[in-house]
file protein14.cif (mmCIF, C-alpha atoms)
data_upload
#
loop_
_atom_site.label_atom_id
_atom_site.label_comp_id
_atom_site.auth_asym_id
_atom_site.auth_seq_id
_atom_site.Cartn_x
_atom_site.Cartn_y
_atom_site.Cartn_z
CA MET A 1 110.18 -17.58 53.76
CA SER A 2 107.70 -17.50 56.59
CA ASP A 3 108.19 -15.47 59.72
CA GLN A 4 110.39 -17.43 62.11
CA SER A 5 108.20 -17.13 65.21
CA GLU A 6 105.03 -18.06 63.34
CA GLY A 7 106.79 -20.87 61.48
CA GLY A 8 108.29 -22.15 64.72
CA GLY A 9 104.89 -22.27 66.41
CA GLU A 10 103.32 -24.10 63.48
CA SER A 11 106.23 -26.53 63.32
CA THR A 12 105.90 -27.24 67.04
CA LEU A 13 102.18 -27.99 66.63
CA THR A 14 102.92 -30.30 63.71
CA VAL A 15 105.62 -32.17 65.66
CA VAL A 16 103.63 -32.45 68.92
CA LEU A 17 100.56 -33.75 67.08
CA ALA A 18 102.65 -36.30 65.19
CA GLY A 19 104.42 -37.41 68.38
CA GLY A 20 101.21 -37.98 70.30
CA VAL A 21 99.65 -39.89 67.43
CA ASN A 22 102.73 -42.07 66.91
CA LEU A 23 103.03 -42.97 70.59
CA ALA A 24 99.40 -44.11 70.76
CA ILE A 25 99.75 -46.06 67.52
CA ALA A 26 102.98 -47.73 68.64
CA ILE A 27 101.26 -49.15 71.72
CA LEU A 28 98.30 -50.39 69.68
CA LYS A 29 100.52 -52.02 67.07
CA LEU A 30 102.70 -53.70 69.68
CA VAL A 31 99.68 -55.23 71.41
CA ALA A 32 98.21 -56.31 68.08
CA GLY A 33 101.55 -57.76 66.95
CA ILE A 34 101.82 -59.86 70.09
CA ILE A 35 98.23 -61.08 69.78
CA THR A 36 98.35 -61.89 66.06
CA GLY A 37 101.96 -63.03 65.85
CA SER A 38 102.37 -60.91 62.73
CA GLY A 39 105.94 -59.89 61.85
CA ALA A 40 104.62 -57.05 59.70
CA MET A 41 102.60 -55.72 62.63
CA LEU A 42 105.64 -55.86 64.92
CA SER A 43 107.64 -54.05 62.24
CA GLU A 44 104.98 -51.38 62.12
CA ALA A 45 105.19 -51.09 65.91
CA ALA A 46 108.94 -50.50 65.57
CA HIS A 47 108.14 -48.01 62.81
CA SER A 48 105.89 -46.03 65.14
CA VAL A 49 108.45 -46.19 67.96
CA ALA A 50 111.04 -44.77 65.58
CA ASP A 51 108.62 -42.01 64.59
CA THR A 52 107.95 -41.18 68.24
CA ILE A 53 111.68 -40.90 68.94
CA THR A 54 111.94 -38.71 65.86
CA GLU A 55 109.32 -36.30 67.21
CA VAL A 56 111.20 -36.01 70.52
CA LEU A 57 114.38 -35.18 68.61
CA LEU A 58 112.53 -32.65 66.45
CA LEU A 59 111.09 -30.93 69.53
CA THR A 60 114.62 -30.75 70.92
CA ALA A 61 115.74 -29.24 67.63
CA LEU A 62 113.00 -26.60 67.70
CA LYS A 63 113.70 -25.53 71.27
CA ARG A 64 117.50 -25.51 71.16
CA SER A 65 117.69 -23.69 67.83
CA GLU A 66 115.70 -20.75 69.20
CA ARG A 67 118.38 -19.75 71.72
CA PRO A 68 119.85 -16.28 71.09
CA ALA A 69 123.42 -15.72 69.95
CA ASP A 70 126.08 -15.49 72.64
CA ARG A 71 129.85 -15.17 72.96
CA ARG A 72 130.58 -18.80 72.11
CA HIS A 73 128.10 -18.88 69.22
CA PRO A 74 127.97 -15.35 67.77
CA PHE A 75 125.81 -16.47 64.84
CA GLY A 76 123.26 -18.17 67.06
CA TYR A 77 122.13 -21.77 67.41
CA GLY A 78 120.04 -22.08 64.26
CA LYS A 79 121.98 -25.06 62.91
CA GLU A 80 121.05 -27.10 65.99
CA ARG A 81 117.75 -27.68 64.22
CA TYR A 82 119.60 -29.43 61.41
CA PHE A 83 121.81 -31.47 63.77
CA TRP A 84 118.92 -32.91 65.79
CA SER A 85 116.91 -33.47 62.62
CA LEU A 86 119.84 -35.45 61.23
CA LEU A 87 119.77 -37.58 64.37
CA ALA A 88 116.04 -38.07 63.77
CA ALA A 89 116.83 -39.50 60.34
CA VAL A 90 119.39 -41.84 61.91
CA SER A 91 116.74 -42.89 64.45
CA ILE A 92 114.30 -43.82 61.71
CA PHE A 93 116.90 -46.10 60.17
CA ALA A 94 118.38 -47.58 63.36
CA SER A 95 115.21 -48.25 65.34
CA GLY A 96 112.76 -48.73 62.48
CA ALA A 97 114.33 -49.95 59.27
CA VAL A 98 116.85 -52.32 60.82
CA PHE A 99 114.25 -54.02 63.05
CA ALA A 100 111.75 -54.34 60.19
CA LEU A 101 114.37 -55.87 57.89
CA TYR A 102 115.46 -58.28 60.63
CA GLU A 103 111.87 -59.26 61.37
CA GLY A 104 111.17 -59.78 57.67
CA PHE A 105 114.28 -61.90 57.19
CA THR A 106 113.60 -64.13 60.18
CA THR A 107 109.97 -64.55 59.16
CA VAL A 108 110.78 -65.52 55.58
CA PHE A 109 113.72 -67.82 56.35
CA GLY A 110 112.75 -68.94 59.85
CA GLU A 111 110.50 -71.72 61.00
CA GLY A 112 107.42 -69.54 60.75
CA GLY A 113 104.57 -69.06 63.13
CA GLU A 114 100.85 -69.42 63.23
CA GLN A 115 98.70 -66.37 62.71
CA THR A 116 96.05 -65.81 65.38
CA LYS A 117 93.14 -63.38 65.51
CA PRO A 118 93.97 -61.44 62.34
CA ILE A 119 90.81 -59.36 62.90
CA VAL A 120 92.64 -57.61 65.74
CA GLY A 121 95.36 -56.62 63.30
CA TYR A 122 92.86 -55.29 60.79
CA ILE A 123 91.11 -53.17 63.42
CA VAL A 124 94.36 -51.72 64.75
CA LEU A 125 95.64 -50.97 61.25
CA ALA A 126 92.42 -49.22 60.32
CA LEU A 127 92.48 -47.15 63.50
CA ALA A 128 96.17 -46.33 62.97
CA PHE A 129 95.45 -45.24 59.40
CA VAL A 130 92.83 -42.78 60.63
CA LEU A 131 95.14 -41.35 63.30
CA GLU A 132 98.13 -41.13 60.95
CA SER A 133 95.93 -39.34 58.44
CA VAL A 134 95.24 -36.60 61.00
CA SER A 135 98.97 -36.00 61.54
CA TRP A 136 99.70 -36.25 57.81
CA THR A 137 96.98 -33.71 57.01
CA GLN A 138 98.48 -31.21 59.46
CA ALA A 139 101.93 -31.61 57.90
CA VAL A 140 100.54 -31.21 54.37
CA ARG A 141 98.53 -28.17 55.45
CA GLN A 142 101.62 -26.46 56.86
CA VAL A 143 103.82 -27.16 53.85
CA ARG A 144 101.06 -26.17 51.41
CA ARG A 145 100.37 -22.90 53.23
CA ASP A 146 104.05 -22.00 53.44
CA ALA A 147 104.53 -22.86 49.77
CA LYS A 148 101.61 -20.62 48.85
CA ALA A 149 103.06 -17.78 50.94
CA GLU A 150 106.29 -18.04 48.96
CA GLN A 151 104.41 -18.48 45.66
CA ARG A 152 106.07 -21.81 44.93
CA PRO A 153 104.67 -25.14 43.74
CA PHE A 154 104.26 -27.64 46.57
CA PHE A 155 107.10 -29.98 45.59
CA ALA A 156 109.44 -27.16 44.57
CA TYR A 157 109.00 -25.61 48.01
CA LEU A 158 109.56 -29.00 49.66
CA ARG A 159 112.95 -29.24 47.92
CA MET A 160 114.00 -25.76 49.05
CA ILE A 161 112.52 -25.73 52.57
CA ASP A 162 115.00 -24.73 55.30
CA ASP A 163 112.85 -25.94 58.22
CA PRO A 164 113.36 -29.72 58.49
CA ALA A 165 110.57 -30.29 61.03
CA PRO A 166 107.49 -30.21 58.73
CA LYS A 167 109.37 -32.03 55.97
CA THR A 168 110.42 -34.79 58.37
CA VAL A 169 106.89 -35.19 59.73
CA LEU A 170 105.43 -35.21 56.22
CA PHE A 171 107.86 -37.85 54.97
CA GLU A 172 107.53 -40.12 57.99
CA ASP A 173 103.73 -39.85 58.04
CA SER A 174 103.59 -40.61 54.32
CA ALA A 175 105.81 -43.63 54.94
CA ALA A 176 103.59 -44.63 57.85
CA LEU A 177 100.47 -44.65 55.67
CA VAL A 178 102.23 -46.75 53.02
CA GLY A 179 103.59 -49.05 55.75
CA LEU A 180 100.11 -49.61 57.13
CA LEU A 181 98.89 -50.69 53.70
CA LEU A 182 101.86 -53.06 53.38
CA ALA A 183 101.13 -54.55 56.82
CA PHE A 184 97.45 -54.95 55.91
CA ALA A 185 98.44 -56.76 52.71
CA GLY A 186 100.89 -58.97 54.59
CA ILE A 187 98.34 -60.03 57.21
CA GLY A 188 95.65 -60.51 54.59
CA LEU A 189 97.78 -62.67 52.30
CA HIS A 190 99.00 -64.68 55.27
CA GLN A 191 95.40 -65.36 56.24
CA LEU A 192 94.39 -66.26 52.67
CA THR A 193 97.34 -68.50 51.82
CA GLY A 194 98.34 -69.77 55.23
CA SER A 195 101.96 -68.85 54.46
CA ASP A 196 103.78 -66.38 56.68
CA VAL A 197 106.18 -65.61 53.81
CA TRP A 198 103.84 -62.80 52.79
CA ASP A 199 104.03 -61.38 56.28
CA GLY A 200 107.81 -61.46 56.08
CA ILE A 201 107.85 -59.82 52.66
CA ALA A 202 105.61 -57.04 53.94
CA SER A 203 107.91 -56.52 56.91
CA SER A 204 110.96 -56.38 54.62
CA LEU A 205 109.26 -53.85 52.35
CA ILE A 206 108.46 -51.70 55.39
CA GLY A 207 112.16 -51.84 56.31
CA VAL A 208 113.21 -50.77 52.80
CA LEU A 209 110.63 -47.96 52.88
CA LEU A 210 111.98 -46.65 56.18
CA ALA A 211 115.57 -46.90 54.97
CA CYS A 212 114.68 -44.78 51.91
CA VAL A 213 112.95 -42.14 54.03
CA ALA A 214 115.90 -42.07 56.44
CA TYR A 215 118.31 -41.57 53.52
CA LEU A 216 116.27 -38.73 52.00
CA LEU A 217 115.93 -36.89 55.30
CA GLY A 218 119.56 -37.52 56.21
CA SER A 219 120.73 -36.16 52.87
CA THR A 220 118.60 -33.03 53.26
CA ASN A 221 119.81 -32.27 56.78
CA ARG A 222 123.42 -33.06 55.89
CA GLY A 223 123.31 -30.38 53.19
CA LEU A 224 121.76 -27.85 55.56
CA LEU A 225 124.21 -28.67 58.32
CA VAL A 226 127.24 -28.34 56.07
CA GLY A 227 126.02 -24.95 54.90
CA ARG A 228 123.70 -24.55 51.93
CA GLN A 229 123.29 -21.46 49.80
CA ALA A 230 120.17 -19.40 50.47
CA ASP A 231 117.11 -19.62 48.24
CA PRO A 232 118.20 -18.67 44.67
CA ARG A 233 115.39 -16.12 44.49
CA LEU A 234 116.73 -14.44 47.61
CA VAL A 235 120.27 -14.51 46.20
CA ARG A 236 119.07 -12.87 42.99
CA GLY A 237 117.21 -10.21 44.96
CA ILE A 238 120.30 -9.40 47.04
CA ARG A 239 122.48 -9.30 43.94
CA ASP A 240 120.12 -6.95 42.11
CA HIS A 241 119.75 -4.68 45.14
CA LEU A 242 123.50 -4.32 45.60
CA GLY A 243 124.06 -3.95 41.87
CA ALA A 244 121.68 -0.99 41.79
CA ALA A 245 123.51 0.90 44.56
CA PRO A 246 125.05 4.11 43.12
CA GLU A 247 128.26 3.67 45.10
CA ILE A 248 129.03 0.25 43.58
CA ASP A 249 130.80 -0.14 40.25
CA ALA A 250 130.70 -3.94 40.24
CA LEU A 251 129.54 -6.80 42.44
CA VAL A 252 132.61 -9.03 42.36
CA ASP A 253 131.44 -11.92 44.55
CA LEU A 254 128.33 -12.81 46.53
CA GLN A 255 128.15 -15.68 49.02
CA THR A 256 125.18 -16.67 51.16
CA MET A 257 124.67 -19.45 53.68
CA LEU A 258 121.75 -20.72 55.72
CA MET A 259 122.65 -20.35 59.40
CA GLY A 260 119.28 -21.72 60.50
CA THR A 261 115.62 -21.53 59.58
CA ASP A 262 114.91 -18.03 58.19
CA HIS A 263 118.45 -16.97 59.12
CA VAL A 264 120.77 -16.10 56.21
CA LEU A 265 124.37 -14.92 56.27
CA VAL A 266 125.41 -12.63 53.37
CA CYS A 267 129.00 -11.93 52.36
CA ALA A 268 129.46 -9.52 49.44
CA ARG A 269 132.70 -8.40 47.82
CA VAL A 270 132.17 -5.24 45.81
CA ASP A 271 134.22 -2.79 43.78
CA PHE A 272 133.23 0.67 45.00
CA ASP A 273 133.44 3.90 43.06
CA ASP A 274 137.04 5.08 43.44
CA ALA A 275 135.82 8.63 44.04
CA LEU A 276 134.36 7.65 47.42
CA GLY A 277 136.20 8.69 50.54
CA ALA A 278 136.68 6.42 53.54
CA ALA A 279 133.77 7.99 55.44
CA ASP A 280 131.48 7.72 52.39
CA LEU A 281 132.38 4.06 51.98
CA GLU A 282 131.65 3.30 55.65
CA ARG A 283 128.26 5.00 55.51
CA ALA A 284 127.41 3.17 52.26
CA CYS A 285 128.21 -0.23 53.81
CA VAL A 286 126.06 0.46 56.86
CA ARG A 287 123.18 1.76 54.73
CA MET A 288 123.22 -1.19 52.33
CA ALA A 289 123.35 -3.71 55.17
CA ASP A 290 120.32 -2.06 56.77
CA GLU A 291 118.48 -2.00 53.45
CA LEU A 292 119.10 -5.70 52.86
CA SER A 293 117.85 -6.62 56.34
CA GLU A 294 114.71 -4.50 55.89
CA ARG A 295 113.89 -5.69 52.39
CA PHE A 296 114.71 -9.36 53.03
CA PRO A 297 113.63 -10.39 56.56
CA ASP A 298 115.60 -13.65 56.36
CA VAL A 299 118.88 -11.75 56.06
CA ALA A 300 120.33 -11.70 59.57
CA GLU A 301 124.02 -10.91 59.03
CA VAL A 302 125.61 -8.83 56.25
CA PHE A 303 129.32 -8.43 55.53
CA ILE A 304 130.41 -6.10 52.72
CA GLU A 305 134.07 -6.11 51.71
CA PRO A 306 135.55 -3.55 49.27
CA VAL A 307 137.81 -5.23 46.70
CA PRO A 308 139.22 -4.38 43.26
CA ARG A 309 137.44 -6.28 40.51
CA THR A 310 140.73 -6.87 38.68
CA ASP A 311 142.39 -8.83 41.47
CA PRO A 312 143.55 -12.08 39.80
CA LYS A 313 143.38 -14.31 42.91
CA LEU A 314 139.83 -13.23 43.73
CA ARG A 315 138.72 -13.67 40.13
CA ALA A 316 140.24 -17.16 40.05
CA ALA A 317 138.43 -18.07 43.28
CA VAL A 318 135.07 -16.90 41.89
CA LEU A 319 135.62 -18.78 38.63
CA ALA A 320 136.57 -21.94 40.54
CA ARG A 321 133.38 -21.75 42.62
CA TYR A 322 130.83 -20.84 39.96
CA GLY A 323 132.54 -21.66 36.66
CA VAL A 324 131.51 -18.32 35.15
CA PRO A 325 132.42 -14.77 36.07
CA PRO A 326 129.79 -12.87 38.12
CA ARG A 327 127.39 -10.65 36.25
CA PRO A 328 128.68 -7.07 36.26
CA SER A 329 126.56 -4.38 37.87
CA GLN A 330 124.61 -2.13 35.59
#
call {"tool": "encode", "arguments": {"input": "protein14.cif", "output": "structure tokens"}}
result
Amino acid sequence: MSDQSEGGGESTLTVVLAGGVNLAIAILKLVAGIITGSGAMLSEAAHSVADTITEVLLLTALKRSERPADRRHPFGYGKERYFWSLLAAVSIFASGAVFALYEGFTTVFGEGGEQTKPIVGYIVLALAFVLESVSWTQAVRQVRRDAKAEQRPFFAYLRMIDDPAPKTVLFEDSAALVGLLLAFAGIGLHQLTGSDVWDGIASSLIGVLLACVAYLLGSTNRGLLVGRQADPRLVRGIRDHLGAAPEIDALVDLQTMLMGTDHVLVCARVDFDDALGAADLERACVRMADELSERFPDVAEVFIEPVPRTDPKLRAAVLARYGVPPRPSQ
């Protein structure tokens, strides 16, 4: 994973750029929606308002998650990033999807309204598409560069990413570009047919689109907030490193958890060589913890517990969690 300070700075740039773009676009869309009377345009204005609120929440997440550990939170505040990002997903649904669905429903089943000055809508949508493309390009650039640094395919990295900020911006900007095309189609078909049903359908589709994005982001942040295992490649590296230690006869259990972006907690239960004395065992634990932190920069906390590999309760717990016994050390 990328260095936390560099990744945090890049994430902040991505979020600030997206927030500024969305605020400007929201104002333009609102004015255009009022002028044209387009439900789809008003839905897009709500979409941009939701995105702007999202960026504020993401900035809050970035700042609060960087606070150092203290007495009340000995493992730090890294998970604050996931909490505020989860609220951002809720914001997208509450202030974007719900309004767009309501606007679409009332337009389709209501009395309808006359469309005026559709050219204003076209101009605003075109300008918004250009501005959204700038923000979207920055988000894609960050994710693509980070994926390359970790030698992962773009979409595989996107599934495993532990920094919700660039993923949130990328998803919402992608949805924004699709939403603009839907609004353009709605206004255009309304103008061609004279029926505002098309405008309502476009608005409803924008609402469904936002609801899907909110669900995907909410699901991602829920998993991170609950406590997800670290990257499988990192887990394998830790397992192999501990398994190669001369003092260890067997790695009985290995648990990892993301405590924040680039912040991993490692808990290892190992069966040490019975010939080791208490002092030797203490020195081995300290050395291995230091080695893991040096070799894997994301590893922030390491706990190593000596246990007998034949303990039936521990073996049952490992089998219940993984379904198969852990691989013995070589």
call {"tool": "resolve_selection", "arguments": {"input": "protein14.cif", "expression": "the PyMOL selection byres ((chain A and resi 170) around 9)", "output": "VMD selection string"}}
result
chain A and resid 135 to 140 143 165 to 169 171 to 175
call {"tool": "axis_aligned_box", "arguments": {"input": "protein14.cif", "around": "segment 175-180 of chain A", "padding_each_side": "3 Å", "output": "lines of an AutoDock Vina configuration file"}}
result
center_x = 103.0
center_y = -46.6
center_z = 55.4
size_x = 11.7
size_y = 12.0
size_z = 10.8
call {"tool": "resolve_selection", "arguments": {"input": "protein14.cif", "expression": "the PyMOL selection byres ((chain A and resi 274) around 12)", "output": "PyMOL selection string"}}
result
chain A and resi 247-250+270-273+275-278+280-281+306-309
call {"tool": "atom_distance", "arguments": {"input": "protein14.cif", "atom1": "atom CA of Arg269 of chain A", "atom2": "atom CA of Val235 of chain A"}}
result
13.9 Å
call {"tool": "resolve_selection", "arguments": {"input": "protein14.cif", "expression": "the PyMOL selection byres ((chain A and resi 199) around 6)", "output": "ChimeraX atom specification"}}
result
/A:40,186-187,196-198,200-202
call {"tool": "atom_distance", "arguments": {"input": "protein14.cif", "atom1": "atom CA of Val130 of chain A", "atom2": "atom CA of Leu42 of chain A"}}
result
18.8 Å
call {"tool": "atom_distance", "arguments": {"input": "protein14.cif", "atom1": "atom CA of Ile161 of chain A", "atom2": "atom CA of Arg67 of chain A"}}
result
20.9 Å
call {"tool": "closest_residue", "arguments": {"input": "protein14.cif", "among": "A:Pro164, A:Gly19, A:Pro297, A:Gly260", "to": "Val134 of chain A", "atoms": "only C-alpha atoms"}}
result
A:Gly19
call {"tool": "residues_around", "arguments": {"input": "protein14.cif", "residues": "Lys29 of chain A", "least_positions_apart": "4", "cutoff": "9 Å", "atoms": "only C-alpha atoms", "output": "count of residues only"}}
result
15
call {"tool": "residues_around", "arguments": {"input": "protein14.cif", "residues": "Tyr82 of chain A", "least_positions_apart": "5", "cutoff": "7 Å", "atoms": "only C-alpha atoms", "output": "number ranges by chain"}}
result
A: 164, 221, 224-225
call {"tool": "closest_residue", "arguments": {"input": "protein14.cif", "among": "A:His73, A:Arg228, A:Arg145, A:Arg287", "to": "Asp162 of chain A", "atoms": "only C-alpha atoms"}}
result
A:Arg228
call {"tool": "residues_around", "arguments": {"input": "protein14.cif", "residues": "Leu59 of chain A", "least_positions_apart": "4", "cutoff": "8 Å", "atoms": "all atoms listed in the file", "output": "list in words"}}
result
Thr12, Val15, Val16, Glu55 and Lys63 of chain A
call {"tool": "closest_residue", "arguments": {"input": "protein14.cif", "among": "A:Gly179, A:Pro74, A:Gly207, A:Pro68", "to": "Phe93 of chain A", "atoms": "all atoms listed in the file"}}
result
A:Gly207
call {"tool": "residues_around", "arguments": {"input": "protein14.cif", "residues": "Val49 of chain A", "least_positions_apart": "3", "cutoff": "8 Å", "atoms": "only C-alpha atoms", "output": "VMD selection string"}}
result
chain A and resid 22 to 23 26 45 to 46 52 to 53 95 to 96
call {"tool": "build_atoms", "arguments": {"input": "protein14.cif", "residues": "segment 20-42 of chain A", "atoms": "N, CA, C and O atoms", "output": "compact mmCIF listing (two decimals), in the coordinates of the input"}}
result
# COMPACT_ATOMS: atom_id res chain seq x y z
N GLY A 20 102.29 -37.38 69.53
CA GLY A 20 101.21 -37.98 70.30
C GLY A 20 100.53 -39.10 69.54
O GLY A 20 100.23 -40.18 70.11
N VAL A 21 100.29 -38.88 68.27
CA VAL A 21 99.65 -39.89 67.43
C VAL A 21 100.54 -41.13 67.32
O VAL A 21 100.07 -42.28 67.47
N ASN A 22 101.83 -40.93 67.09
CA ASN A 22 102.73 -42.07 66.91
C ASN A 22 102.89 -42.89 68.18
O ASN A 22 103.00 -44.12 68.12
N LEU A 23 102.90 -42.24 69.34
CA LEU A 23 103.03 -42.97 70.59
C LEU A 23 101.81 -43.87 70.82
O LEU A 23 101.95 -45.05 71.20
N ALA A 24 100.62 -43.32 70.59
CA ALA A 24 99.40 -44.11 70.76
C ALA A 24 99.37 -45.28 69.78
O ALA A 24 99.02 -46.41 70.13
N ILE A 25 99.78 -45.01 68.54
CA ILE A 25 99.75 -46.06 67.52
C ILE A 25 100.77 -47.14 67.83
O ILE A 25 100.52 -48.34 67.61
N ALA A 26 101.94 -46.75 68.33
CA ALA A 26 102.98 -47.73 68.64
C ALA A 26 102.49 -48.74 69.67
O ALA A 26 102.74 -49.95 69.54
N ILE A 27 101.79 -48.25 70.68
CA ILE A 27 101.26 -49.15 71.72
C ILE A 27 100.22 -50.11 71.12
O ILE A 27 100.24 -51.32 71.38
N LEU A 28 99.32 -49.57 70.31
CA LEU A 28 98.30 -50.39 69.68
C LEU A 28 98.92 -51.47 68.78
O LEU A 28 98.52 -52.64 68.80
N LYS A 29 99.88 -51.07 67.99
CA LYS A 29 100.52 -52.02 67.07
C LYS A 29 101.28 -53.11 67.83
O LYS A 29 101.28 -54.28 67.41
N LEU A 30 101.95 -52.72 68.91
CA LEU A 30 102.70 -53.70 69.68
C LEU A 30 101.77 -54.75 70.27
O LEU A 30 102.05 -55.96 70.19
N VAL A 31 100.65 -54.29 70.84
CA VAL A 31 99.68 -55.23 71.41
C VAL A 31 99.11 -56.13 70.32
O VAL A 31 99.02 -57.36 70.48
N ALA A 32 98.77 -55.53 69.18
CA ALA A 32 98.21 -56.31 68.08
C ALA A 32 99.24 -57.30 67.53
O ALA A 32 98.90 -58.43 67.17
N GLY A 33 100.51 -56.87 67.45
CA GLY A 33 101.55 -57.76 66.95
C GLY A 33 101.74 -58.97 67.84
O GLY A 33 101.94 -60.09 67.36
N ILE A 34 101.67 -58.75 69.15
CA ILE A 34 101.82 -59.86 70.09
C ILE A 34 100.63 -60.81 69.99
O ILE A 34 100.78 -62.04 70.00
N ILE A 35 99.44 -60.25 69.85
CA ILE A 35 98.23 -61.08 69.78
C ILE A 35 98.18 -61.89 68.48
O ILE A 35 97.88 -63.08 68.48
N THR A 36 98.49 -61.23 67.36
CA THR A 36 98.35 -61.89 66.06
C THR A 36 99.58 -62.69 65.66
O THR A 36 99.49 -63.58 64.80
N GLY A 37 100.72 -62.36 66.25
CA GLY A 37 101.96 -63.03 65.85
C GLY A 37 102.46 -62.57 64.50
O GLY A 37 103.27 -63.25 63.86
N SER A 38 102.01 -61.41 64.05
CA SER A 38 102.37 -60.91 62.73
C SER A 38 103.71 -60.16 62.78
O SER A 38 103.87 -59.20 63.54
N GLY A 39 104.67 -60.59 61.94
CA GLY A 39 105.94 -59.89 61.85
C GLY A 39 105.77 -58.50 61.28
O GLY A 39 106.45 -57.55 61.68
N ALA A 40 104.86 -58.36 60.30
CA ALA A 40 104.62 -57.05 59.70
C ALA A 40 104.06 -56.07 60.73
O ALA A 40 104.40 -54.89 60.75
N MET A 41 103.17 -56.58 61.60
CA MET A 41 102.60 -55.72 62.63
C MET A 41 103.66 -55.29 63.64
O MET A 41 103.70 -54.14 64.07
N LEU A 42 104.54 -56.21 64.01
CA LEU A 42 105.64 -55.86 64.92
C LEU A 42 106.59 -54.86 64.26
O LEU A 42 107.11 -53.95 64.92
